[in-house]
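Heads up, work_29.txt below (compact mmCIF, N, CA, C and O atoms):
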```txt
# COMPACT_ATOMS: atom_id res chain seq x y z
N MET Y 1 0.54 -2.06 34.91
CA MET Y 1 0.19 -0.69 34.63
C MET Y 1 -0.47 -0.61 33.25
O MET Y 1 0.04 -1.11 32.26
N ILE Y 2 -1.59 0.02 33.18
CA ILE Y 2 -2.32 0.18 31.93
C ILE Y 2 -1.84 1.45 31.23
O ILE Y 2 -1.77 2.52 31.84
N ALA Y 3 -1.51 1.30 29.97
CA ALA Y 3 -1.06 2.44 29.19
C ALA Y 3 -2.23 3.40 28.94
O ALA Y 3 -3.37 2.97 28.85
N PRO Y 4 -1.95 4.66 28.81
CA PRO Y 4 -3.03 5.62 28.56
C PRO Y 4 -3.53 5.55 27.11
O PRO Y 4 -2.83 5.07 26.21
N ARG Y 5 -4.75 6.04 26.92
CA ARG Y 5 -5.36 6.09 25.59
C ARG Y 5 -4.48 6.87 24.62
O ARG Y 5 -4.33 6.49 23.46
N SER Y 6 -3.88 7.95 25.10
CA SER Y 6 -3.05 8.78 24.22
C SER Y 6 -1.90 7.98 23.61
O SER Y 6 -1.54 8.20 22.45
N GLU Y 7 -1.35 7.06 24.37
CA GLU Y 7 -0.27 6.22 23.85
C GLU Y 7 -0.79 5.30 22.74
O GLU Y 7 -0.13 5.11 21.71
N GLY Y 8 -1.98 4.75 22.92
CA GLY Y 8 -2.58 3.92 21.89
C GLY Y 8 -2.89 4.70 20.63
O GLY Y 8 -2.67 4.22 19.51
N LEU Y 9 -3.38 5.92 20.80
CA LEU Y 9 -3.66 6.77 19.63
C LEU Y 9 -2.39 7.13 18.89
O LEU Y 9 -2.37 7.17 17.65
N CYS Y 10 -1.31 7.39 19.62
CA CYS Y 10 -0.02 7.68 18.99
C CYS Y 10 0.50 6.47 18.22
O CYS Y 10 1.00 6.59 17.10
N ARG Y 11 0.36 5.29 18.82
CA ARG Y 11 0.81 4.06 18.16
C ARG Y 11 -0.01 3.82 16.89
O ARG Y 11 0.51 3.43 15.86
N MET Y 12 -1.32 4.06 16.98
CA MET Y 12 -2.18 3.89 15.81
C MET Y 12 -1.76 4.87 14.71
O MET Y 12 -1.62 4.49 13.54
N ALA Y 13 -1.57 6.13 15.07
CA ALA Y 13 -1.18 7.14 14.09
C ALA Y 13 0.16 6.79 13.43
O ALA Y 13 0.33 6.98 12.21
N ALA Y 14 1.08 6.27 14.19
CA ALA Y 14 2.38 5.89 13.65
C ALA Y 14 2.28 4.71 12.69
O ALA Y 14 3.09 4.57 11.77
N PHE Y 15 1.27 3.86 12.88
CA PHE Y 15 1.14 2.67 12.04
C PHE Y 15 0.27 2.92 10.80
O PHE Y 15 0.27 2.10 9.88
N VAL Y 16 -0.44 4.02 10.74
CA VAL Y 16 -1.32 4.30 9.59
C VAL Y 16 -0.58 4.15 8.25
O VAL Y 16 -1.13 3.54 7.33
N PRO Y 17 0.64 4.63 8.10
CA PRO Y 17 1.32 4.46 6.80
C PRO Y 17 1.52 3.00 6.39
O PRO Y 17 1.73 2.71 5.23
N HIS Y 18 1.43 2.08 7.35
CA HIS Y 18 1.67 0.66 7.07
C HIS Y 18 0.38 -0.15 6.98
O HIS Y 18 0.44 -1.38 6.89
N MET Y 19 -0.78 0.49 7.03
CA MET Y 19 -2.05 -0.22 7.04
C MET Y 19 -2.56 -0.59 5.65
O MET Y 19 -3.67 -1.07 5.52
N ALA Y 20 -1.76 -0.38 4.63
CA ALA Y 20 -2.25 -0.62 3.27
C ALA Y 20 -1.50 -1.77 2.62
O ALA Y 20 -1.25 -2.78 3.25
N ASP Y 21 -1.14 -1.58 1.38
CA ASP Y 21 -0.58 -2.64 0.56
C ASP Y 21 0.66 -3.29 1.16
O ASP Y 21 0.83 -4.50 1.07
N ASP Y 22 1.54 -2.50 1.78
CA ASP Y 22 2.74 -3.11 2.36
C ASP Y 22 2.38 -4.02 3.53
O ASP Y 22 3.05 -5.01 3.78
N TYR Y 23 1.30 -3.75 4.23
CA TYR Y 23 0.85 -4.65 5.30
C TYR Y 23 0.45 -5.99 4.70
O TYR Y 23 0.86 -7.04 5.19
N ALA Y 24 -0.33 -5.97 3.65
CA ALA Y 24 -0.78 -7.20 3.02
C ALA Y 24 0.39 -8.02 2.49
O ALA Y 24 0.41 -9.24 2.62
N ALA Y 25 1.38 -7.36 1.93
CA ALA Y 25 2.51 -8.06 1.33
C ALA Y 25 3.52 -8.55 2.34
O ALA Y 25 4.16 -9.58 2.14
N LEU Y 26 3.67 -7.83 3.44
CA LEU Y 26 4.78 -8.12 4.36
C LEU Y 26 4.36 -8.61 5.75
O LEU Y 26 5.22 -8.86 6.58
N ARG Y 27 3.07 -8.77 6.01
CA ARG Y 27 2.61 -9.04 7.36
C ARG Y 27 3.10 -10.36 7.94
O ARG Y 27 3.15 -10.52 9.14
N ASN Y 28 3.48 -11.31 7.11
CA ASN Y 28 3.92 -12.62 7.59
C ASN Y 28 5.43 -12.76 7.69
O ASN Y 28 5.93 -13.86 7.89
N TYR Y 29 6.15 -11.65 7.57
CA TYR Y 29 7.61 -11.70 7.59
C TYR Y 29 8.16 -10.93 8.77
O TYR Y 29 7.65 -9.87 9.12
N ASP Y 30 9.23 -11.44 9.35
CA ASP Y 30 9.92 -10.75 10.43
C ASP Y 30 10.96 -9.83 9.81
O ASP Y 30 11.97 -10.29 9.27
N LEU Y 31 10.71 -8.55 9.88
CA LEU Y 31 11.60 -7.57 9.26
C LEU Y 31 12.46 -6.85 10.29
O LEU Y 31 13.01 -5.80 10.01
N GLY Y 32 12.55 -7.40 11.48
CA GLY Y 32 13.39 -6.80 12.51
C GLY Y 32 12.86 -5.46 12.96
O GLY Y 32 11.72 -5.34 13.38
N ALA Y 33 13.69 -4.44 12.83
CA ALA Y 33 13.33 -3.10 13.33
C ALA Y 33 12.12 -2.52 12.61
O ALA Y 33 11.34 -1.80 13.21
N ARG Y 34 11.94 -2.83 11.34
CA ARG Y 34 10.77 -2.33 10.61
C ARG Y 34 9.68 -3.39 10.67
O ARG Y 34 9.55 -4.24 9.83
N SER Y 35 8.91 -3.33 11.71
CA SER Y 35 7.89 -4.33 11.93
C SER Y 35 6.62 -4.02 11.15
O SER Y 35 6.24 -2.87 10.98
N THR Y 36 5.97 -5.07 10.66
CA THR Y 36 4.68 -4.92 10.00
C THR Y 36 3.54 -5.24 10.96
O THR Y 36 2.41 -5.39 10.55
N VAL Y 37 3.85 -5.34 12.23
CA VAL Y 37 2.85 -5.62 13.26
C VAL Y 37 2.46 -4.30 13.92
O VAL Y 37 3.32 -3.51 14.32
N SER Y 38 1.17 -4.07 14.06
CA SER Y 38 0.70 -2.78 14.58
C SER Y 38 0.96 -2.60 16.07
O SER Y 38 1.08 -1.48 16.54
N ARG Y 39 1.00 -3.67 16.81
CA ARG Y 39 1.14 -3.64 18.28
C ARG Y 39 0.00 -2.85 18.94
O ARG Y 39 0.18 -2.21 19.97
N LEU Y 40 -1.18 -2.92 18.34
CA LEU Y 40 -2.36 -2.24 18.88
C LEU Y 40 -3.21 -3.14 19.77
O LEU Y 40 -4.13 -2.68 20.42
N SER Y 41 -2.90 -4.43 19.81
CA SER Y 41 -3.74 -5.38 20.56
C SER Y 41 -3.99 -4.98 22.01
O SER Y 41 -5.13 -5.06 22.47
N PRO Y 42 -2.97 -4.56 22.78
CA PRO Y 42 -3.26 -4.20 24.19
C PRO Y 42 -4.26 -3.05 24.31
O PRO Y 42 -5.07 -3.01 25.22
N TYR Y 43 -4.21 -2.13 23.37
CA TYR Y 43 -5.11 -0.97 23.39
C TYR Y 43 -6.51 -1.35 22.94
O TYR Y 43 -7.50 -0.86 23.48
N LEU Y 44 -6.58 -2.23 21.95
CA LEU Y 44 -7.88 -2.73 21.49
C LEU Y 44 -8.53 -3.60 22.56
O LEU Y 44 -9.73 -3.50 22.81
N ARG Y 45 -7.74 -4.45 23.19
CA ARG Y 45 -8.27 -5.36 24.21
C ARG Y 45 -8.88 -4.59 25.37
O ARG Y 45 -9.92 -4.97 25.91
N ARG Y 46 -8.26 -3.50 25.74
CA ARG Y 46 -8.77 -2.69 26.88
C ARG Y 46 -9.69 -1.56 26.42
O ARG Y 46 -10.09 -0.73 27.21
N ARG Y 47 -9.99 -1.52 25.13
CA ARG Y 47 -10.86 -0.52 24.51
C ARG Y 47 -10.38 0.91 24.73
O ARG Y 47 -11.17 1.85 24.84
N LEU Y 48 -9.06 1.05 24.82
CA LEU Y 48 -8.47 2.39 24.86
C LEU Y 48 -8.47 2.99 23.46
O LEU Y 48 -8.52 4.21 23.30
N VAL Y 49 -8.38 2.13 22.48
CA VAL Y 49 -8.55 2.48 21.07
C VAL Y 49 -9.58 1.48 20.55
O VAL Y 49 -9.47 0.29 20.80
N THR Y 50 -10.57 1.96 19.84
CA THR Y 50 -11.62 1.06 19.37
C THR Y 50 -11.33 0.52 17.98
O THR Y 50 -10.56 1.11 17.22
N LYS Y 51 -11.97 -0.60 17.67
CA LYS Y 51 -11.84 -1.18 16.33
C LYS Y 51 -12.34 -0.19 15.28
O LYS Y 51 -11.75 -0.07 14.21
N ALA Y 52 -13.41 0.51 15.60
CA ALA Y 52 -13.95 1.50 14.66
C ALA Y 52 -12.94 2.59 14.38
O ALA Y 52 -12.80 3.04 13.23
N GLU Y 53 -12.20 3.04 15.39
CA GLU Y 53 -11.18 4.08 15.20
C GLU Y 53 -10.05 3.57 14.31
O GLU Y 53 -9.56 4.30 13.43
N VAL Y 54 -9.64 2.33 14.53
CA VAL Y 54 -8.54 1.76 13.74
C VAL Y 54 -8.97 1.58 12.29
O VAL Y 54 -8.23 1.93 11.36
N ILE Y 55 -10.17 1.06 12.08
CA ILE Y 55 -10.67 0.87 10.72
C ILE Y 55 -10.84 2.22 10.03
O ILE Y 55 -10.48 2.39 8.86
N HIS Y 56 -11.38 3.19 10.75
CA HIS Y 56 -11.54 4.54 10.18
C HIS Y 56 -10.18 5.13 9.79
O HIS Y 56 -10.05 5.74 8.72
N ALA Y 57 -9.18 4.95 10.63
CA ALA Y 57 -7.83 5.45 10.31
C ALA Y 57 -7.29 4.79 9.06
O ALA Y 57 -6.67 5.47 8.21
N ALA Y 58 -7.51 3.49 8.91
CA ALA Y 58 -7.02 2.78 7.72
C ALA Y 58 -7.72 3.27 6.46
O ALA Y 58 -7.08 3.53 5.44
N ILE Y 59 -9.04 3.43 6.53
CA ILE Y 59 -9.80 3.88 5.36
C ILE Y 59 -9.47 5.33 5.02
O ILE Y 59 -9.29 5.68 3.86
N THR Y 60 -9.37 6.18 6.04
CA THR Y 60 -9.03 7.59 5.82
C THR Y 60 -7.63 7.73 5.23
O THR Y 60 -7.39 8.54 4.35
N GLY Y 61 -6.71 6.92 5.73
CA GLY Y 61 -5.32 7.02 5.28
C GLY Y 61 -5.06 6.43 3.91
O GLY Y 61 -4.14 6.87 3.21
N HIS Y 62 -5.87 5.42 3.52
CA HIS Y 62 -5.53 4.70 2.29
C HIS Y 62 -6.72 4.40 1.38
O HIS Y 62 -6.51 4.04 0.23
N GLY Y 63 -7.92 4.47 1.90
CA GLY Y 63 -9.09 4.03 1.14
C GLY Y 63 -9.40 2.58 1.46
O GLY Y 63 -8.55 1.85 1.96
N PRO Y 64 -10.62 2.14 1.16
CA PRO Y 64 -11.03 0.80 1.57
C PRO Y 64 -10.30 -0.34 0.84
O PRO Y 64 -10.01 -1.36 1.44
N GLU Y 65 -10.01 -0.17 -0.43
CA GLU Y 65 -9.35 -1.25 -1.18
C GLU Y 65 -7.92 -1.51 -0.72
O GLU Y 65 -7.57 -2.62 -0.38
N PRO Y 66 -7.05 -0.49 -0.71
CA PRO Y 66 -5.67 -0.74 -0.30
C PRO Y 66 -5.54 -1.21 1.16
O PRO Y 66 -4.63 -1.95 1.49
N ALA Y 67 -6.47 -0.80 2.02
CA ALA Y 67 -6.40 -1.18 3.43
C ALA Y 67 -7.22 -2.42 3.75
O ALA Y 67 -7.32 -2.81 4.92
N ALA Y 68 -7.76 -3.08 2.75
CA ALA Y 68 -8.69 -4.19 2.97
C ALA Y 68 -8.09 -5.31 3.81
O ALA Y 68 -8.74 -5.85 4.71
N ARG Y 69 -6.85 -5.70 3.54
CA ARG Y 69 -6.26 -6.82 4.29
C ARG Y 69 -6.09 -6.46 5.76
O ARG Y 69 -6.35 -7.27 6.64
N PHE Y 70 -5.65 -5.24 6.03
CA PHE Y 70 -5.50 -4.81 7.43
C PHE Y 70 -6.86 -4.79 8.12
O PHE Y 70 -7.01 -5.26 9.24
N ILE Y 71 -7.87 -4.25 7.43
CA ILE Y 71 -9.22 -4.20 8.00
C ILE Y 71 -9.75 -5.61 8.25
O ILE Y 71 -10.35 -5.87 9.30
N ASP Y 72 -9.51 -6.52 7.32
CA ASP Y 72 -9.90 -7.92 7.52
C ASP Y 72 -9.29 -8.50 8.79
O ASP Y 72 -9.95 -9.23 9.53
N GLU Y 73 -8.04 -8.17 9.04
CA GLU Y 73 -7.36 -8.69 10.23
C GLU Y 73 -7.96 -8.11 11.51
O GLU Y 73 -8.08 -8.80 12.52
N VAL Y 74 -8.34 -6.84 11.48
CA VAL Y 74 -8.98 -6.22 12.65
C VAL Y 74 -10.31 -6.91 12.91
O VAL Y 74 -10.65 -7.24 14.06
N ILE Y 75 -11.09 -7.17 11.86
CA ILE Y 75 -12.38 -7.84 12.02
C ILE Y 75 -12.18 -9.28 12.47
O ILE Y 75 -12.89 -9.77 13.35
N TRP Y 76 -11.20 -9.97 11.90
CA TRP Y 76 -10.92 -11.35 12.32
C TRP Y 76 -10.52 -11.39 13.79
O TRP Y 76 -10.94 -12.26 14.54
N ARG Y 77 -9.71 -10.41 14.23
CA ARG Y 77 -9.32 -10.34 15.64
C ARG Y 77 -10.56 -10.20 16.51
O ARG Y 77 -10.68 -10.84 17.54
N SER Y 78 -11.48 -9.38 16.07
CA SER Y 78 -12.72 -9.18 16.81
C SER Y 78 -13.50 -10.49 16.93
O SER Y 78 -13.97 -10.85 18.01
N TYR Y 79 -13.60 -11.20 15.83
CA TYR Y 79 -14.31 -12.49 15.87
C TYR Y 79 -13.60 -13.47 16.78
O TYR Y 79 -14.22 -14.09 17.63
N SER Y 80 -12.31 -13.61 16.61
CA SER Y 80 -11.59 -14.62 17.37
C SER Y 80 -11.53 -14.30 18.86
O SER Y 80 -11.49 -15.20 19.69
N LYS Y 81 -11.52 -13.03 19.20
CA LYS Y 81 -11.45 -12.64 20.62
C LYS Y 81 -12.82 -12.54 21.27
O LYS Y 81 -12.97 -12.81 22.45
N ASP Y 82 -13.85 -12.04 20.51
CA ASP Y 82 -15.17 -11.77 21.08
C ASP Y 82 -16.27 -12.62 20.45
O ASP Y 82 -16.99 -13.32 21.14
N CYS Y 83 -16.44 -12.46 19.11
CA CYS Y 83 -17.65 -13.02 18.45
C CYS Y 83 -17.71 -14.52 18.49
O CYS Y 83 -18.77 -15.12 18.47
N ALA Y 84 -16.44 -15.22 18.54
CA ALA Y 84 -16.42 -16.68 18.54
C ALA Y 84 -17.21 -17.22 19.73
O ALA Y 84 -17.98 -18.18 19.59
N SER Y 85 -17.03 -16.64 20.90
CA SER Y 85 -17.77 -17.13 22.06
C SER Y 85 -19.26 -16.86 21.94
O SER Y 85 -20.08 -17.64 22.41
N ILE Y 86 -19.63 -15.76 21.26
CA ILE Y 86 -21.05 -15.48 21.04
C ILE Y 86 -21.64 -16.54 20.11
O ILE Y 86 -22.70 -17.09 20.37
N TRP Y 87 -20.95 -16.83 19.00
CA TRP Y 87 -21.43 -17.84 18.05
C TRP Y 87 -21.60 -19.19 18.74
O TRP Y 87 -22.58 -19.89 18.52
N ILE Y 88 -20.62 -19.56 19.55
CA ILE Y 88 -20.59 -20.90 20.13
C ILE Y 88 -21.48 -21.02 21.36
O ILE Y 88 -22.31 -21.92 21.46
N PHE Y 89 -21.32 -20.10 22.32
CA PHE Y 89 -21.96 -20.27 23.61
C PHE Y 89 -23.32 -19.59 23.75
O PHE Y 89 -24.11 -19.96 24.61
N VAL Y 90 -23.60 -18.59 22.94
CA VAL Y 90 -24.88 -17.89 23.03
C VAL Y 90 -25.83 -18.37 21.92
O VAL Y 90 -26.96 -18.74 22.19
N LEU Y 91 -25.32 -18.36 20.70
CA LEU Y 91 -26.17 -18.74 19.57
C LEU Y 91 -26.16 -20.24 19.29
O LEU Y 91 -26.93 -20.73 18.47
N TRP Y 92 -25.25 -20.96 19.92
CA TRP Y 92 -25.11 -22.42 19.76
C TRP Y 92 -24.86 -22.81 18.30
O TRP Y 92 -25.38 -23.79 17.80
N LEU Y 93 -24.09 -21.98 17.61
CA LEU Y 93 -23.73 -22.26 16.23
C LEU Y 93 -22.33 -22.84 16.16
O LEU Y 93 -21.49 -22.56 17.01
N PRO Y 94 -22.03 -23.63 15.14
CA PRO Y 94 -20.68 -24.16 15.00
C PRO Y 94 -19.68 -23.02 14.73
O PRO Y 94 -19.97 -22.10 13.97
N TRP Y 95 -18.52 -23.11 15.34
CA TRP Y 95 -17.52 -22.05 15.19
C TRP Y 95 -17.10 -21.89 13.73
O TRP Y 95 -16.77 -20.81 13.29
N ARG Y 96 -17.12 -22.96 12.97
CA ARG Y 96 -16.74 -22.90 11.56
C ARG Y 96 -17.67 -21.98 10.76
O ARG Y 96 -17.23 -21.33 9.82
N LEU Y 97 -18.94 -21.93 11.14
CA LEU Y 97 -19.88 -21.05 10.45
C LEU Y 97 -19.45 -19.59 10.60
O LEU Y 97 -19.45 -18.84 9.63
N GLY Y 98 -19.08 -19.19 11.80
CA GLY Y 98 -18.58 -17.84 12.02
C GLY Y 98 -17.26 -17.58 11.32
O GLY Y 98 -17.05 -16.51 10.73
N ALA Y 99 -16.37 -18.56 11.36
CA ALA Y 99 -15.07 -18.41 10.70
C ALA Y 99 -15.27 -18.24 9.20
O ALA Y 99 -14.65 -17.37 8.57
N ASP Y 100 -16.14 -19.05 8.61
CA ASP Y 100 -16.42 -18.93 7.17
C ASP Y 100 -17.03 -17.57 6.83
O ASP Y 100 -16.70 -16.97 5.82
N PHE Y 101 -17.91 -17.09 7.70
CA PHE Y 101 -18.55 -15.81 7.47
C PHE Y 101 -17.52 -14.69 7.44
O PHE Y 101 -17.54 -13.83 6.57
N PHE Y 102 -16.54 -14.71 8.38
CA PHE Y 102 -15.56 -13.63 8.45
C PHE Y 102 -14.44 -13.79 7.43
O PHE Y 102 -13.75 -12.84 7.13
N LEU Y 103 -14.24 -14.99 6.92
CA LEU Y 103 -13.26 -15.16 5.85
C LEU Y 103 -13.77 -14.51 4.59
O LEU Y 103 -13.08 -13.97 3.80
```

Final structure tokens representation of the file:
Amino acid sequence: MIAPRSEGLCRMAAFVPHMADDYAALRNYDLGARSTVSRLSPYLRRRLVTKAEVIHAAITGHGPEPAARFIDEVIWRSYSKDCASIWIFVLWLPWRLGADFFL
């Protein structure tokens, strides 16, 4: 069963307070009930919520500097899920070139 767009938007809105500095500092730690993981991947994968919407929410909620690490992760997700195959199979470029570009 595919979740509705409204559920993805609610999840995104609930995570906006965590898209800034605390995300950068705590994203690699398991904090149990207070998760630093957005859980937006299923919605992004099915384009129920777009990367542009998520990035806009982060910038609107915190500004570009404080939300930079979260935005970087959204862009990296895009590369690793979509752009990597374009770099490798369409443009015939080494995957490391794309990885370096997005780092």

_Please extract the residues of chain Y with a backbone DSSP assignment of helix (DSSP H, G or I) and present them as number ranges by chain._
Y: 5-18, 21-26, 41-45, 51-62, 68-90, 95-102

*Between atom N of Leu48 in chain Y and atom N of Tyr79 in chain Y, what is the distance, to one decimal in Å?*
15.9 Å

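The gap separating CA of Ile59 in chain Y from CA of His18 in chain Y is 12.0 Å, in Å to one decimal.
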
*Of the residues Y:Leu26, Y:Leu97, Y:Leu31, Y:Leu40, which is the one nearest to Met12 in chain Y, using all atoms listed in the file?*
Y:Leu40

*How many Å lie between atom O of Ala3 in chain Y and atom C of Arg45 in chain Y, rounded to one decimal?*
10.0 Å

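Minimum distance to Met19 in chain Y across Y:Ile71, Y:Ser85, Y:Pro94, Y:Ser78 (counting all atoms listed in the file) occurs at Y:Ile71.
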
*asked:* What's around Arg5 in chain Y at 8 Å? Count all atoms listed in the file, leave out sequence neighbours fewer than 2 positions away in its own chain, and write the answer as a PyMOL selection string.
replied: chain Y and resi 2-3+7-12+43+47-49

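When all atoms listed in the file are used to measure the gap to Arg69 in chain Y, the shortest distance among Y:Asp30, Y:Asp100, Y:Asp21, Y:Glu53 belongs to Y:Asp21.
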
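Nearest residue to Phe70 in chain Y among Y:Ala20, Y:Ala57, Y:Cys83, Y:Ile88 is Y:Ala20, counting only C-alpha atoms.
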
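Distance check against Ile75 in chain Y using only N, CA, C and O atoms: of Y:Phe89, Y:Arg39, Y:Lys51, Y:Pro17, the minimum falls on Y:Lys51.
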
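Compared by their closest atoms to Ser41 in chain Y, and using only C-alpha atoms, the residues Y:Ala68, Y:Pro4, Y:Val74, Y:Gly61 rank with Y:Val74 nearest.
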
*Val37 in chain Y: which residues within 7 Å, counting all atoms listed in the file, same-chain residues fewer than 6 positions away excluded, as number ranges by chain?*
Y: 15, 26-27, 29
